[in-house]
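Asks: Submitted below is the structure of interest, expressed as structure tokens.
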Amino acid sequence: MRLTAPANRSTTRPTGIRDTDGMAVASFVLGLLGLLVLNVFLGPIAIALASVALWRGTARRGRALLGLGLGVADLLVLAAFMATDNTMSWSL
């Protein structure tokens, strides 16, 4: 007895492509979240995930580029706030 349908290779995508799409979305979300909290950690993670997703050829190229830009913006925001109050953290 077969519980699953046979895999049709012409309509399924390889796992690697699906993983890179997830990396692109994760980089976007982490970059966006990093603008508000923990930008010293989330910015570099967003940059790394976006870079790997772009290097592997994600189908969500725009989202990966946004994640890359937001990751860089996270670090720029951190640098700006560090320059104003001379600390490694910032608060509003």
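How things are named: the first chain in the structure tokens is A, the next is B, and so on; residues count from 1 in each chain; ligands count from 1 in the order shown.
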So which residues touch Thr87 of chain A within 10 Å, counting only C-alpha atoms, skipping near sequence neighbours fewer than 6 positions away, as a tab-separated table (two decimals) with N, CA, C and O atoms, in the first residue's frame?

Replies:
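Writing the result to result.tsv gives the following:
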```tsv
chain	number	residue	atom	x	y	z
A	78	LEU	N	23.93	51.16	13.59
A	78	LEU	CA	24.72	50.91	14.79
A	78	LEU	C	25.91	51.86	14.85
A	78	LEU	O	26.20	52.43	15.91
A	79	ALA	N	26.60	52.05	13.75
A	79	ALA	CA	27.76	52.96	13.73
A	79	ALA	C	27.34	54.40	14.03
A	79	ALA	O	28.05	55.11	14.75
A	81	PHE	N	24.71	55.42	15.82
A	81	PHE	CA	24.36	55.56	17.23
A	81	PHE	C	25.59	55.42	18.13
A	81	PHE	O	25.68	56.08	19.16
```

Asks: Please identify all polymer residues within 7 Å of segment 37-48 of chain A, counting only C-alpha atoms, omitting same-chain residues fewer than 2 positions from it, and present them as a ChimeraX atom specification.

Replies: /A:27-28,30-31,33-35,50-52,67-68,71-72,74-75,78

Asks: Would you please give, as a short mmCIF file (atom, residue, chain, number, x, y, z; two decimals) with all heavy atoms, in the first residue's frame, all residues of segment 27-68 of chain A that DSSP assigns to alpha helix (DSSP H) based on the backbone?

Replies:
```
data_model
loop_
_atom_site.label_atom_id
_atom_site.label_comp_id
_atom_site.auth_asym_id
_atom_site.auth_seq_id
_atom_site.Cartn_x
_atom_site.Cartn_y
_atom_site.Cartn_z
N SER A 27 17.05 36.38 5.38
CA SER A 27 17.93 37.55 5.41
C SER A 27 17.11 38.84 5.40
O SER A 27 17.46 39.80 6.10
CB SER A 27 18.90 37.53 4.24
OG SER A 27 18.24 37.80 3.02
N PHE A 28 16.03 38.87 4.64
CA PHE A 28 15.15 40.04 4.62
C PHE A 28 14.52 40.28 5.99
O PHE A 28 14.55 41.39 6.51
CB PHE A 28 14.07 39.87 3.55
CG PHE A 28 13.04 40.95 3.56
CD1 PHE A 28 13.35 42.23 3.14
CD2 PHE A 28 11.76 40.70 4.02
CE1 PHE A 28 12.40 43.23 3.16
CE2 PHE A 28 10.81 41.69 4.04
CZ PHE A 28 11.13 42.97 3.61
N VAL A 29 13.98 39.24 6.59
CA VAL A 29 13.31 39.38 7.88
C VAL A 29 14.31 39.77 8.97
O VAL A 29 14.05 40.66 9.78
CB VAL A 29 12.57 38.07 8.25
CG1 VAL A 29 12.08 38.10 9.68
CG2 VAL A 29 11.42 37.83 7.29
N LEU A 30 15.48 39.13 9.00
CA LEU A 30 16.48 39.46 10.01
C LEU A 30 17.04 40.86 9.82
O LEU A 30 17.30 41.57 10.80
CB LEU A 30 17.61 38.43 10.00
CG LEU A 30 17.24 37.03 10.49
CD1 LEU A 30 18.42 36.09 10.34
CD2 LEU A 30 16.77 37.07 11.92
N GLY A 31 17.21 41.27 8.58
CA GLY A 31 17.67 42.63 8.32
C GLY A 31 16.66 43.67 8.76
O GLY A 31 17.01 44.70 9.33
N LEU A 32 15.39 43.39 8.52
CA LEU A 32 14.33 44.30 8.93
C LEU A 32 14.22 44.36 10.44
O LEU A 32 14.12 45.43 11.03
CB LEU A 32 13.01 43.85 8.30
CG LEU A 32 11.85 44.82 8.30
CD1 LEU A 32 12.23 46.09 7.57
CD2 LEU A 32 10.64 44.18 7.66
N LEU A 33 14.29 43.21 11.07
CA LEU A 33 14.22 43.15 12.53
C LEU A 33 15.46 43.78 13.17
O LEU A 33 15.38 44.41 14.21
CB LEU A 33 14.08 41.69 12.98
CG LEU A 33 13.84 41.42 14.45
CD1 LEU A 33 12.54 42.06 14.89
CD2 LEU A 33 13.81 39.93 14.70
N GLY A 34 16.60 43.66 12.50
CA GLY A 34 17.84 44.21 13.01
C GLY A 34 17.85 45.72 13.06
O GLY A 34 18.64 46.31 13.81
N ASN A 39 21.04 44.87 16.29
CA ASN A 39 21.60 45.04 14.96
C ASN A 39 23.05 44.60 14.86
O ASN A 39 23.52 44.27 13.79
CB ASN A 39 21.43 46.46 14.45
CG ASN A 39 21.84 47.50 15.46
OD1 ASN A 39 22.33 47.18 16.53
ND2 ASN A 39 21.61 48.73 15.12
N VAL A 40 23.76 44.54 15.97
CA VAL A 40 25.15 44.09 15.94
C VAL A 40 25.24 42.60 15.60
O VAL A 40 26.22 42.14 15.02
CB VAL A 40 25.87 44.42 17.26
CG1 VAL A 40 25.39 43.55 18.39
CG2 VAL A 40 27.37 44.30 17.09
N PHE A 41 24.19 41.83 15.89
CA PHE A 41 24.16 40.40 15.57
C PHE A 41 23.36 40.11 14.30
O PHE A 41 23.79 39.34 13.45
CB PHE A 41 23.55 39.59 16.72
CG PHE A 41 24.33 39.69 17.99
CD1 PHE A 41 23.81 40.34 19.10
CD2 PHE A 41 25.60 39.15 18.10
CE1 PHE A 41 24.53 40.45 20.27
CE2 PHE A 41 26.33 39.24 19.26
CZ PHE A 41 25.79 39.90 20.35
N LEU A 42 22.19 40.72 14.19
CA LEU A 42 21.30 40.40 13.08
C LEU A 42 21.77 40.97 11.75
O LEU A 42 21.52 40.38 10.70
CB LEU A 42 19.88 40.89 13.39
CG LEU A 42 19.21 40.22 14.60
CD1 LEU A 42 17.81 40.79 14.80
CD2 LEU A 42 19.18 38.72 14.45
N GLY A 43 22.47 42.10 11.77
CA GLY A 43 23.00 42.68 10.53
C GLY A 43 23.96 41.76 9.81
O GLY A 43 23.77 41.45 8.63
N PRO A 44 25.03 41.30 10.49
CA PRO A 44 25.96 40.39 9.81
C PRO A 44 25.32 39.06 9.40
O PRO A 44 25.68 38.50 8.36
CB PRO A 44 27.06 40.16 10.85
CG PRO A 44 27.01 41.37 11.72
CD PRO A 44 25.57 41.77 11.77
N ILE A 45 24.38 38.56 10.19
CA ILE A 45 23.70 37.31 9.81
C ILE A 45 22.89 37.53 8.53
O ILE A 45 22.89 36.68 7.64
CB ILE A 45 22.83 36.80 10.97
CG1 ILE A 45 23.71 36.36 12.13
CG2 ILE A 45 21.93 35.65 10.51
CD1 ILE A 45 22.93 36.03 13.39
N ALA A 46 22.19 38.67 8.45
CA ALA A 46 21.40 38.98 7.25
C ALA A 46 22.31 39.11 6.03
O ALA A 46 21.98 38.62 4.95
CB ALA A 46 20.60 40.26 7.47
N ILE A 47 23.46 39.73 6.21
CA ILE A 47 24.41 39.88 5.10
C ILE A 47 24.92 38.51 4.64
O ILE A 47 24.99 38.23 3.44
CB ILE A 47 25.57 40.80 5.52
CG1 ILE A 47 25.07 42.23 5.70
CG2 ILE A 47 26.70 40.76 4.49
CD1 ILE A 47 26.07 43.16 6.34
N ALA A 48 25.26 37.66 5.59
CA ALA A 48 25.79 36.33 5.25
C ALA A 48 24.73 35.48 4.54
O ALA A 48 25.02 34.84 3.52
CB ALA A 48 26.28 35.63 6.50
N LEU A 49 23.50 35.47 5.07
CA LEU A 49 22.44 34.67 4.44
C LEU A 49 22.12 35.17 3.03
O LEU A 49 21.93 34.38 2.11
CB LEU A 49 21.18 34.69 5.30
CG LEU A 49 21.20 33.83 6.55
CD1 LEU A 49 19.93 34.08 7.37
CD2 LEU A 49 21.32 32.37 6.21
N ALA A 50 22.07 36.49 2.86
CA ALA A 50 21.78 37.04 1.54
C ALA A 50 22.90 36.72 0.56
O ALA A 50 22.64 36.38 -0.60
CB ALA A 50 21.58 38.55 1.64
N SER A 51 24.14 36.80 1.02
CA SER A 51 25.27 36.50 0.14
C SER A 51 25.26 35.04 -0.31
O SER A 51 25.48 34.75 -1.49
CB SER A 51 26.58 36.81 0.86
OG SER A 51 26.64 38.16 1.20
N VAL A 52 24.99 34.14 0.62
CA VAL A 52 24.94 32.71 0.26
C VAL A 52 23.77 32.44 -0.68
O VAL A 52 23.91 31.68 -1.65
CB VAL A 52 24.87 31.84 1.53
CG1 VAL A 52 24.58 30.40 1.18
CG2 VAL A 52 26.15 31.95 2.33
N ALA A 53 22.62 33.06 -0.41
CA ALA A 53 21.46 32.85 -1.28
C ALA A 53 21.73 33.36 -2.69
O ALA A 53 21.38 32.71 -3.67
CB ALA A 53 20.24 33.53 -0.68
N LEU A 54 22.37 34.52 -2.80
CA LEU A 54 22.69 35.05 -4.13
C LEU A 54 23.75 34.21 -4.82
O LEU A 54 23.67 33.98 -6.03
CB LEU A 54 23.17 36.50 -4.00
CG LEU A 54 22.09 37.52 -3.66
CD1 LEU A 54 22.72 38.86 -3.31
CD2 LEU A 54 21.10 37.66 -4.78
N TRP A 55 24.72 33.74 -4.07
CA TRP A 55 25.78 32.92 -4.65
C TRP A 55 25.23 31.60 -5.18
O TRP A 55 25.67 31.10 -6.22
CB TRP A 55 26.86 32.69 -3.59
CG TRP A 55 28.03 31.92 -4.10
CD1 TRP A 55 28.97 32.34 -5.00
CD2 TRP A 55 28.40 30.59 -3.75
NE1 TRP A 55 29.90 31.36 -5.21
CE2 TRP A 55 29.57 30.26 -4.46
CE3 TRP A 55 27.85 29.66 -2.89
CZ2 TRP A 55 30.18 29.03 -4.33
CZ3 TRP A 55 28.47 28.44 -2.76
CH2 TRP A 55 29.63 28.14 -3.49
N ARG A 56 24.25 31.04 -4.47
CA ARG A 56 23.66 29.77 -4.92
C ARG A 56 22.58 29.94 -5.97
O ARG A 56 22.05 28.97 -6.48
CB ARG A 56 23.07 29.02 -3.71
CG ARG A 56 24.12 28.48 -2.79
CD ARG A 56 23.47 27.64 -1.74
NE ARG A 56 24.44 27.09 -0.81
CZ ARG A 56 24.12 26.37 0.24
NH1 ARG A 56 22.85 26.10 0.50
NH2 ARG A 56 25.06 25.91 1.03
N ARG A 61 15.68 36.68 -5.83
CA ARG A 61 16.86 37.55 -5.88
C ARG A 61 16.59 38.93 -5.28
O ARG A 61 17.43 39.48 -4.57
CB ARG A 61 17.31 37.67 -7.33
CG ARG A 61 18.53 38.50 -7.53
CD ARG A 61 19.03 38.39 -8.97
NE ARG A 61 20.10 39.32 -9.23
CZ ARG A 61 21.35 39.14 -8.85
NH1 ARG A 61 21.66 38.06 -8.18
NH2 ARG A 61 22.27 40.03 -9.13
N GLY A 62 15.43 39.48 -5.55
CA GLY A 62 15.08 40.80 -5.02
C GLY A 62 15.02 40.81 -3.50
O GLY A 62 15.49 41.74 -2.85
N ARG A 63 14.46 39.76 -2.95
CA ARG A 63 14.37 39.67 -1.49
C ARG A 63 15.75 39.49 -0.88
O ARG A 63 16.04 40.03 0.18
CB ARG A 63 13.44 38.53 -1.09
CG ARG A 63 13.00 38.70 0.32
CD ARG A 63 11.66 38.12 0.62
NE ARG A 63 10.60 38.74 -0.15
CZ ARG A 63 9.46 38.14 -0.43
NH1 ARG A 63 9.24 36.93 -0.01
NH2 ARG A 63 8.54 38.75 -1.10
N ALA A 64 16.62 38.75 -1.54
CA ALA A 64 17.98 38.58 -1.04
C ALA A 64 18.74 39.91 -1.10
O ALA A 64 19.48 40.24 -0.18
CB ALA A 64 18.71 37.51 -1.84
N LEU A 65 18.54 40.67 -2.16
CA LEU A 65 19.20 41.98 -2.27
C LEU A 65 18.67 42.94 -1.20
O LEU A 65 19.43 43.73 -0.64
CB LEU A 65 19.01 42.56 -3.67
CG LEU A 65 19.79 41.85 -4.77
CD1 LEU A 65 19.38 42.39 -6.14
CD2 LEU A 65 21.28 42.00 -4.55
N LEU A 66 17.37 42.89 -0.93
CA LEU A 66 16.82 43.71 0.16
C LEU A 66 17.40 43.29 1.50
O LEU A 66 17.71 44.14 2.34
CB LEU A 66 15.30 43.58 0.19
CG LEU A 66 14.54 44.42 -0.82
CD1 LEU A 66 13.05 44.07 -0.77
CD2 LEU A 66 14.73 45.89 -0.54
N GLY A 67 17.55 42.00 1.73
CA GLY A 67 18.16 41.51 2.97
C GLY A 67 19.60 41.97 3.09
O GLY A 67 20.04 42.36 4.18
N LEU A 68 20.32 41.97 1.98
CA LEU A 68 21.70 42.44 1.98
C LEU A 68 21.75 43.93 2.31
O LEU A 68 22.55 44.37 3.14
CB LEU A 68 22.34 42.16 0.62
CG LEU A 68 23.80 42.49 0.47
CD1 LEU A 68 24.65 41.61 1.36
CD2 LEU A 68 24.22 42.30 -0.98
#
```

Asks: Between atom CA of Leu36 of chain A and atom CA of Arg60 of chain A, measure the distance and give it in Å to one decimal.

Replies: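 Taking atom CA of Leu36 of chain A and atom CA of Arg60 of chain A, their separation equals 24.0 Å.
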